[in-house]
Amino acid sequence: MTRNTHSYPLEGIVFAAGGAFTLVGSALHPTGGSSNYHDSFAAQLANPIGAPANWLTLIGSLLLAWGVWMLLDSAWRNAPGLVRAGARLAIVSSAILVIESGASLAMRTTAAAYAAGTPVPMVRLSETLYAACLPALMLGALLLNLGNRRLAPAVVRIVGAVGMVALGLAGPFVDGLHIIALWPLYLGGVLTCIWIIWAGVHEAVGVASGTMAAQKVDA
């Protein structure tokens, strides 16, 4: 594959920033601390740190969709078909997860009702979006990771791929089937964000600096 000798500052910065916002939002997201899904989710809704965490992940999803959109139109325009398909899948999935973050913010006003056992449609919407969109988003990210090998060293690509598979499974198993014991799969988001940030910085800086350094050595 042709090496990227040009930098794409705005595109790369936006992509990396999306990973950074998502990483911080995920780190702040409260855990329920219970082996029962309903009780765990009720505790998360009642935790005040959940609102800023959701705002950060909402912004992160917006930035990821925007960053990938711009990269698809520039650095990745001539990438293999699977890579471009992965980028489009990531854009659509990230945009839908913005809706999920909005739903998560809205349903915090129903924390008491949910804890009391009252059905909350907004909660079901959030669970459905997560269960469906996380696998799609992680598949898109995995195609980008495996197809654009120049974006990161092998070890970062492997770490990212492991995280993508784990996070892709987390949505349907934890939020879809309510298997709370598998919640550690969400830690795959940390590994995924490491790859995103690295890839975004790579595209922002390019390899132009490395090329210039090589030219100086040759001189």
# chains A, B, ... in the order shown; residues from 1 in each chain; ligands from 1
call {"tool": "residues_around", "arguments": {"residues": "Leu64 (chain A)", "least_positions_apart": "6", "cutoff": "8 Å", "atoms": "only C-alpha atoms", "output": "VMD selection string"}}
result
chain A and resid 14 to 19 91 94
call {"tool": "residues_around", "arguments": {"residues": "Leu167 (chain A)", "least_positions_apart": "6", "cutoff": "9 Å", "atoms": "only C-alpha atoms", "output": "list in words"}}
result
Leu134, Pro135, Met138, Leu185, Tyr186, Leu187, Gly188, Gly189 and Thr192 of chain A
call {"tool": "residues_around", "arguments": {"residues": "Leu23 (chain A)", "least_positions_apart": "6", "cutoff": "10 Å", "atoms": "only C-alpha atoms", "output": "PDB file with C-alpha atoms, in the first residue's frame"}}
result
ATOM      1  CA  ALA A  17     -10.267  14.018  19.528  1.00  0.00           C
ATOM      2  CA  HIS A  29     -19.157   6.183  33.156  1.00  0.00           C
ATOM      3  CA  ALA A  53     -19.936  10.983  30.998  1.00  0.00           C
ATOM      4  CA  LEU A  56     -18.446  13.332  26.603  1.00  0.00           C
ATOM      5  CA  THR A  57     -19.362  10.164  24.737  1.00  0.00           C
ATOM      6  CA  GLY A  60     -16.904  11.781  20.997  1.00  0.00           C
ATOM      7  CA  GLY A 189     -13.343   0.488  24.507  1.00  0.00           C
ATOM      8  CA  VAL A 190     -10.091   1.632  26.115  1.00  0.00           C
ATOM      9  CA  LEU A 191      -8.027  -0.459  23.705  1.00  0.00           C
ATOM     10  CA  THR A 192     -10.126   0.700  20.763  1.00  0.00           C
ATOM     11  CA  CYS A 193      -9.655   4.355  21.690  1.00  0.00           C
ATOM     12  CA  ILE A 194      -5.888   3.868  21.899  1.00  0.00           C
ATOM     13  CA  ILE A 196      -8.231   5.656  17.258  1.00  0.00           C
ATOM     14  CA  ILE A 197      -6.072   8.299  18.921  1.00  0.00           C
TER      15      ILE A 197
END
call {"tool": "residues_around", "arguments": {"residues": "Leu45 (chain A)", "least_positions_apart": "3", "cutoff": "8 Å", "atoms": "only C-alpha atoms", "output": "PyMOL selection string"}}
result
chain A and resi 41-42+48+50+107-108+111
call {"tool": "residues_around", "arguments": {"residues": "Arg149 (chain A)", "least_positions_apart": "3", "cutoff": "12 Å", "atoms": "only C-alpha atoms", "output": "NGL selection string"}}
result
:A and (1-4 or 79-80 or 83 or 142-146 or 152-158 or 160-161 or 195 or 199 or 202)
call {"tool": "residues_around", "arguments": {"residues": "Ala131 (chain A)", "least_positions_apart": "2", "cutoff": "10 Å", "atoms": "only C-alpha atoms", "output": "count of residues only"}}
result
19
